[in-house]
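Asks: Dropping a structure here in structure tokens format, bear with me for questions.
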Amino acid sequence: MSQLSGVKFFQQELNFLDLYNREYSGELRLTASSLATFILFHFYCDEFGRIREDELVLKHMSNKYQLPYCSIHKGYHHLFDMGLLQRNVQNGKAYITITKYANSNTPDQEGKMNYFIIPHHLLQSGVLNDFIRARDVSGVLGLLHVLNSLSREHTRRNKKSIPLKVETLLKKMGKTTRNITDWMNRLILLIKPTEEKKAAHRFLKDKLFSFTFVDECYDHTEYDQQKAVLRATLRKELQAALTSLRVPYTGGDVRDAFRSLQQDCLDTFYPMTNIAGEGLRELRLLIHETIHKAVYVLKNREGEKIGNFGGFFRTIIRPILKTQYEELHTNFKVELKKEALLTKIPLPVFLNAEQTLA
């Protein structure tokens, strides 16, 4: 199954945008530039909807995706007026935060979150730029609704297309048939609209179209849903733990620390999950213990300047992982060694573990 490659956008956010667009006019109205900037921020924020203020450079963000800087700059300030962005400070670090993102990105009692995927290809395709230049607010909202439907259809049923009536689109976006044609033409590099049963209807408003993600929206590498969930959990827990530190670090340092944890912790110990039930629980506990023991060490270094944060973090977690490996039940160690034999990828040297089964 090909996996959509993108970022989360929450149903609660889309509902708010729809309501806001209906209720507000004048200076507080929703604009295409503010909508585009709001979407753009979802590609840069962490698991809590935050971007470090000292690392936020709108000019670089807009240049990277050929977005008009003036529009993104105006949209950015407008989002504060709308209440969709806010500034906050945590342990001496200033963040620009997407309002209520963290709440939406927390599983409910059933372990579920209500979101859909916005493909990375949205930015790379230039589609967003076309909507900004057209100042098409309802068009961007319509795009988000199509992304919502397509994403969920793919996740639930592994389908890559959805049928939509033009009449439904007209009512949803309040557009004329000519506007709808322009709107569909703007989507074409991201979502292909294909007319169904061409001879069935004479007028455009009566026609049915099939909307399909272009191939560039998908990641065709082998996908492991369980490992992806663990990776997201690891990233979120690490970001939360590091926020409590007064040690100076950058967003790049957080990414380096995450990469170290993924390679030395998650990738190394993941075969334990082959032991049904208890293996997954043991790995979750191992991840949690590793992060919090590492952060405890870092807290004792507060006030010190750490040159290579990522490298330093790796030197901290390796002895912690070695200790945890030695304390593992024999069944888990056997499973890890089996995987090493099958894949011909030995266990990391820092574990000082035997590479073959006894």
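Convention: chains lettered A, B, ... in structure tokens order; per-chain residue numbering from 1; ligands numbered from 1 as shown.
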Using only C-alpha atoms, determine which residues lie at most 9 Å from stretch 265-267 of chain A, disregarding the query and same-chain residues fewer than 5 positions distant; provide the list as a PyMOL selection string.
Replies: chain A and resi 227+230-231+234+260+283+286-287+290+317-318+321
Asks: Would you kindly return, as a list of chain:residue names, each protein, DNA or RNA residue with an atom no farther than 12 Å from any atom of A:Asn352, considering only C-alpha atoms and excluding same-chain residues fewer than 6 positions away?
Replies: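 My reading of the contact set: A:Arg318, A:Pro319, A:Leu321, A:Lys322, A:Thr323, A:Tyr325, A:Glu326, A:Pro346.
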Asks: Go through stretch 72-300 of chain A and collect every residue that DSSP, computed from the backbone, puts in strand (DSSP E); the answer should be as number ranges by chain.
Replies: A: 85-90, 93-98, 115-119, 161-165, 191-196, 208-213, 218-219
Asks: Could you check which of A:Asn105, A:Thr176, A:Asn331, A:Asn158 is closest to A:Gly139, using only C-alpha atoms?
Replies: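 Checking each candidate against A:Gly139, we get A:Thr176 as the closest.
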Asks: Which residues are near A:Arg281? Cut-off 12 Å, only C-alpha atoms, ignore same chain within fewer than 4 positions. Put them as a list of chain:residue names.
Replies: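 Contacts, with the query itself left out: A:Leu230, A:Phe269, A:Tyr270, A:Met272, A:Thr273, A:Asn274, A:Ile275, A:Ala276, A:Gly277, A:Leu285, A:Leu286, A:Ile287, A:His288, A:Phe332.
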Asks: With C-alpha atoms retained, export the selected residues as a short mmCIF file (atom, residue, chain, number, x, y, z; two decimals), in the first residue's frame.
Replies:
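Contents of the output file again37.cif:
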data_model
loop_
_atom_site.label_atom_id
_atom_site.label_comp_id
_atom_site.auth_asym_id
_atom_site.auth_seq_id
_atom_site.Cartn_x
_atom_site.Cartn_y
_atom_site.Cartn_z
CA LEU A 230 6.17 4.59 17.46
CA PHE A 269 15.11 -2.64 19.40
CA TYR A 270 12.10 -2.71 17.05
CA MET A 272 11.23 -7.04 19.95
CA THR A 273 7.71 -6.19 18.79
CA ASN A 274 7.62 -9.57 17.03
CA ILE A 275 6.81 -10.92 20.49
CA ALA A 276 3.10 -10.12 20.43
CA GLY A 277 1.73 -7.68 23.00
CA LEU A 285 8.84 1.64 28.06
CA LEU A 286 12.41 1.46 26.77
CA ILE A 287 11.89 4.58 24.63
CA HIS A 288 10.31 6.45 27.54
CA PHE A 332 13.67 -10.22 23.87
#
Asks: I'd like the neighbourhood of A:Arg135 as a ChimeraX atom specification, where a residue qualifies if any of its atoms comes within 8 Å (using only C-alpha atoms), though same-chain residues fewer than 6 positions away should be ignored.
Replies: /A:31-33
Asks: What are the closest atom pairs, with distances in Å to one decimal, for all residues of stretch 31-147 of chain A lying within 12 Å of stretch 189-194 of chain A? Consider only C-alpha atoms, order rows by chain and residue number, and present the result as JSON lines.
Replies:
{"residue": "A:Ile118", "atom": "CA", "partner": "A:Leu190", "partner_atom": "CA", "distance": 10.5}
{"residue": "A:Pro119", "atom": "CA", "partner": "A:Leu190", "partner_atom": "CA", "distance": 8.7}
{"residue": "A:His120", "atom": "CA", "partner": "A:Leu190", "partner_atom": "CA", "distance": 10.0}
{"residue": "A:His121", "atom": "CA", "partner": "A:Leu190", "partner_atom": "CA", "distance": 6.9}
{"residue": "A:Leu122", "atom": "CA", "partner": "A:Leu190", "partner_atom": "CA", "distance": 6.3}
{"residue": "A:Leu123", "atom": "CA", "partner": "A:Leu190", "partner_atom": "CA", "distance": 9.4}
{"residue": "A:Gln124", "atom": "CA", "partner": "A:Leu190", "partner_atom": "CA", "distance": 9.3}
{"residue": "A:Ser125", "atom": "CA", "partner": "A:Leu189", "partner_atom": "CA", "distance": 5.9}
{"residue": "A:Gly126", "atom": "CA", "partner": "A:Leu189", "partner_atom": "CA", "distance": 8.0}
{"residue": "A:Val127", "atom": "CA", "partner": "A:Leu189", "partner_atom": "CA", "distance": 6.9}
{"residue": "A:Leu128", "atom": "CA", "partner": "A:Leu190", "partner_atom": "CA", "distance": 9.9}
{"residue": "A:Asn129", "atom": "CA", "partner": "A:Leu189", "partner_atom": "CA", "distance": 12.0}
{"residue": "A:Asp130", "atom": "CA", "partner": "A:Leu189", "partner_atom": "CA", "distance": 11.0}
{"residue": "A:Leu143", "atom": "CA", "partner": "A:Ile191", "partner_atom": "CA", "distance": 9.3}
{"residue": "A:Leu144", "atom": "CA", "partner": "A:Ile191", "partner_atom": "CA", "distance": 11.6}
{"residue": "A:Val146", "atom": "CA", "partner": "A:Ile191", "partner_atom": "CA", "distance": 9.0}
{"residue": "A:Leu147", "atom": "CA", "partner": "A:Ile191", "partner_atom": "CA", "distance": 8.8}
Asks: Produce a file of the selected residues containing N, CA, C and O atoms, as a PDB file, in the first residue's frame.
Replies:
ATOM      1  N   ILE A 118      -2.273  16.525   4.408  1.00  0.00           N
ATOM      2  CA  ILE A 118      -1.979  17.445   3.309  1.00  0.00           C
ATOM      3  C   ILE A 118      -0.652  17.004   2.695  1.00  0.00           C
ATOM      4  O   ILE A 118       0.375  17.007   3.379  1.00  0.00           O
ATOM      5  N   PRO A 119      -0.636  16.591   1.436  1.00  0.00           N
ATOM      6  CA  PRO A 119       0.603  16.073   0.837  1.00  0.00           C
ATOM      7  C   PRO A 119       1.705  17.126   0.760  1.00  0.00           C
ATOM      8  O   PRO A 119       1.434  18.315   0.548  1.00  0.00           O
ATOM      9  N   HIS A 120       2.948  16.697   0.937  1.00  0.00           N
ATOM     10  CA  HIS A 120       4.098  17.594   0.756  1.00  0.00           C
ATOM     11  C   HIS A 120       4.085  18.205  -0.645  1.00  0.00           C
ATOM     12  O   HIS A 120       4.550  19.329  -0.858  1.00  0.00           O
ATOM     13  N   HIS A 121       3.550  17.455  -1.585  1.00  0.00           N
ATOM     14  CA  HIS A 121       3.555  17.908  -2.982  1.00  0.00           C
ATOM     15  C   HIS A 121       2.704  19.165  -3.192  1.00  0.00           C
ATOM     16  O   HIS A 121       2.848  19.840  -4.209  1.00  0.00           O
ATOM     17  N   LEU A 122       1.830  19.485  -2.232  1.00  0.00           N
ATOM     18  CA  LEU A 122       1.050  20.727  -2.346  1.00  0.00           C
ATOM     19  C   LEU A 122       1.984  21.922  -2.487  1.00  0.00           C
ATOM     20  O   LEU A 122       1.757  22.814  -3.313  1.00  0.00           O
ATOM     21  N   LEU A 123       3.039  21.964  -1.667  1.00  0.00           N
ATOM     22  CA  LEU A 123       3.978  23.085  -1.729  1.00  0.00           C
ATOM     23  C   LEU A 123       4.872  22.988  -2.959  1.00  0.00           C
ATOM     24  O   LEU A 123       5.148  23.991  -3.617  1.00  0.00           O
ATOM     25  N   GLN A 124       5.328  21.784  -3.274  1.00  0.00           N
ATOM     26  CA  GLN A 124       6.254  21.607  -4.383  1.00  0.00           C
ATOM     27  C   GLN A 124       5.594  21.839  -5.733  1.00  0.00           C
ATOM     28  O   GLN A 124       6.254  22.217  -6.703  1.00  0.00           O
ATOM     29  N   SER A 125       4.277  21.637  -5.806  1.00  0.00           N
ATOM     30  CA  SER A 125       3.562  21.748  -7.083  1.00  0.00           C
ATOM     31  C   SER A 125       3.296  23.192  -7.512  1.00  0.00           C
ATOM     32  O   SER A 125       3.044  23.456  -8.685  1.00  0.00           O
ATOM     33  N   GLY A 126       3.324  24.132  -6.556  1.00  0.00           N
ATOM     34  CA  GLY A 126       3.008  25.529  -6.878  1.00  0.00           C
ATOM     35  C   GLY A 126       1.517  25.832  -6.849  1.00  0.00           C
ATOM     36  O   GLY A 126       1.104  26.960  -7.142  1.00  0.00           O
ATOM     37  N   VAL A 127       0.678  24.840  -6.488  1.00  0.00           N
ATOM     38  CA  VAL A 127      -0.772  25.028  -6.459  1.00  0.00           C
ATOM     39  C   VAL A 127      -1.165  26.132  -5.485  1.00  0.00           C
ATOM     40  O   VAL A 127      -2.026  26.972  -5.779  1.00  0.00           O
ATOM     41  N   LEU A 128      -0.537  26.160  -4.322  1.00  0.00           N
ATOM     42  CA  LEU A 128      -0.875  27.153  -3.304  1.00  0.00           C
ATOM     43  C   LEU A 128      -0.604  28.572  -3.800  1.00  0.00           C
ATOM     44  O   LEU A 128      -1.366  29.506  -3.525  1.00  0.00           O
ATOM     45  N   ASN A 129       0.465  28.729  -4.551  1.00  0.00           N
ATOM     46  CA  ASN A 129       0.815  30.035  -5.116  1.00  0.00           C
ATOM     47  C   ASN A 129      -0.287  30.543  -6.047  1.00  0.00           C
ATOM     48  O   ASN A 129      -0.655  31.727  -6.028  1.00  0.00           O
ATOM     49  N   ASP A 130      -0.853  29.638  -6.842  1.00  0.00           N
ATOM     50  CA  ASP A 130      -1.916  30.029  -7.771  1.00  0.00           C
ATOM     51  C   ASP A 130      -3.155  30.532  -7.025  1.00  0.00           C
ATOM     52  O   ASP A 130      -3.802  31.496  -7.450  1.00  0.00           O
ATOM     53  N   LEU A 143     -10.338  23.228  -1.598  1.00  0.00           N
ATOM     54  CA  LEU A 143      -9.192  22.329  -1.749  1.00  0.00           C
ATOM     55  C   LEU A 143      -8.985  21.514  -0.471  1.00  0.00           C
ATOM     56  O   LEU A 143      -8.766  20.299  -0.524  1.00  0.00           O
ATOM     57  N   LEU A 144      -9.060  22.180   0.694  1.00  0.00           N
ATOM     58  CA  LEU A 144      -8.886  21.468   1.968  1.00  0.00           C
ATOM     59  C   LEU A 144      -9.953  20.386   2.158  1.00  0.00           C
ATOM     60  O   LEU A 144      -9.669  19.294   2.656  1.00  0.00           O
ATOM     61  N   VAL A 146     -11.508  18.751  -0.259  1.00  0.00           N
ATOM     62  CA  VAL A 146     -11.205  17.643  -1.170  1.00  0.00           C
ATOM     63  C   VAL A 146     -10.041  16.821  -0.618  1.00  0.00           C
ATOM     64  O   VAL A 146     -10.061  15.587  -0.660  1.00  0.00           O
ATOM     65  N   LEU A 147      -9.030  17.505  -0.073  1.00  0.00           N
ATOM     66  CA  LEU A 147      -7.903  16.802   0.549  1.00  0.00           C
ATOM     67  C   LEU A 147      -8.395  15.937   1.714  1.00  0.00           C
ATOM     68  O   LEU A 147      -7.938  14.808   1.906  1.00  0.00           O
TER      69      LEU A 147
END
Asks: Please extract the residues of stretch 39-152 of chain A with a backbone DSSP assignment of alpha helix (DSSP H) and present them as a PyMOL selection string.
Replies: chain A and resi 39-42+58-64+69-82+101-104+121-125+127-134+137-152
Asks: Hey, what's within 8 Å of stretch 305-312 of chain A if we count only C-alpha atoms and toss same-chain stuff fewer than 4 positions away? As a list in words, please?
Replies: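 Answer for this query is Val247, Pro248, Tyr249, Asp253, Val254, Asp256, Ala257, Ser260 and Ile316 of chain A.
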Asks: Restricting the output to N, CA and C atoms, write the selected residues as an mmCIF file, in the first residue's frame.
Replies:
data_model
loop_
_atom_site.group_PDB
_atom_site.id
_atom_site.type_symbol
_atom_site.label_atom_id
_atom_site.label_comp_id
_atom_site.auth_asym_id
_atom_site.auth_seq_id
_atom_site.Cartn_x
_atom_site.Cartn_y
_atom_site.Cartn_z
ATOM 1 N N VAL A 247 18.985 24.240 28.831
ATOM 2 C CA VAL A 247 20.180 24.093 27.999
ATOM 3 C C VAL A 247 19.886 24.693 26.620
ATOM 4 N N PRO A 248 20.781 25.541 26.093
ATOM 5 C CA PRO A 248 20.519 26.124 24.764
ATOM 6 C C PRO A 248 20.612 25.067 23.662
ATOM 7 N N TYR A 249 19.599 25.021 22.810
ATOM 8 C CA TYR A 249 19.621 24.121 21.661
ATOM 9 C C TYR A 249 18.740 24.710 20.572
ATOM 10 N N ASP A 253 19.209 20.833 16.464
ATOM 11 C CA ASP A 253 19.675 19.957 17.544
ATOM 12 C C ASP A 253 18.600 18.931 17.908
ATOM 13 N N VAL A 254 17.345 19.365 17.942
ATOM 14 C CA VAL A 254 16.236 18.450 18.241
ATOM 15 C C VAL A 254 16.148 17.371 17.166
ATOM 16 N N ASP A 256 18.604 16.293 15.293
ATOM 17 C CA ASP A 256 19.755 15.398 15.454
ATOM 18 C C ASP A 256 19.527 14.412 16.592
ATOM 19 N N ALA A 257 18.951 14.901 17.710
ATOM 20 C CA ALA A 257 18.671 14.034 18.852
ATOM 21 C C ALA A 257 17.630 12.971 18.459
ATOM 22 N N SER A 260 19.248 10.298 16.367
ATOM 23 C CA SER A 260 20.033 9.394 17.212
ATOM 24 C C SER A 260 19.129 8.371 17.891
ATOM 25 N N ILE A 316 25.185 10.238 25.315
ATOM 26 C CA ILE A 316 24.400 10.058 26.547
ATOM 27 C C ILE A 316 23.528 8.811 26.457
#
Asks: Between A:Trp183, A:Phe43, A:Phe313, A:Phe211, which is the closest to A:Ala294 once you count only C-alpha atoms?
Replies: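 Looking at the shortest contact to A:Ala294, the residue is A:Phe313.
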Asks: Pick out the closest residue to A:Leu242 from this set: A:Arg284, A:Lys171, A:Arg156, A:Lys293. Count only C-alpha atoms.
Replies: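 Under the stated criterion, the closest residue is A:Lys293.
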Asks: Out of A:Ile320, A:Met82, A:Ile291, A:Leu4, which residue has the shortest atom-to-atom distance to A:Thr99 when counting only C-alpha atoms?
Replies: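 For A:Thr99, the nearest of the candidates is A:Met82.
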Asks: Excluding same-chain residues fewer than 3 positions from A:Leu84, what lies within 9 Å of it counting only C-alpha atoms, as a list of chain:residue names?
Replies: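 Skipping anything fewer than 3 positions along the chain leaves A:Phe38, A:His78, A:Leu79, A:Phe80, A:Asp81, A:Thr97, A:Ile98, A:Thr99, A:Lys100.
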Asks: Using only C-alpha atoms, which residue out of A:Ile180, A:Ala102, A:Ile188, A:Leu40 lies closest to A:Val166?
Replies: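 Looking only at the distances to A:Val166, the closest residue turns out to be A:Ile180.
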Asks: Please provide the set of residues having any atom within 8 Å of A:Ile162, restricted to only C-alpha atoms, with same-chain residues fewer than 4 positions apart removed, written as a PyMOL selection string.
Replies: chain A and resi 149-150+153+210-212
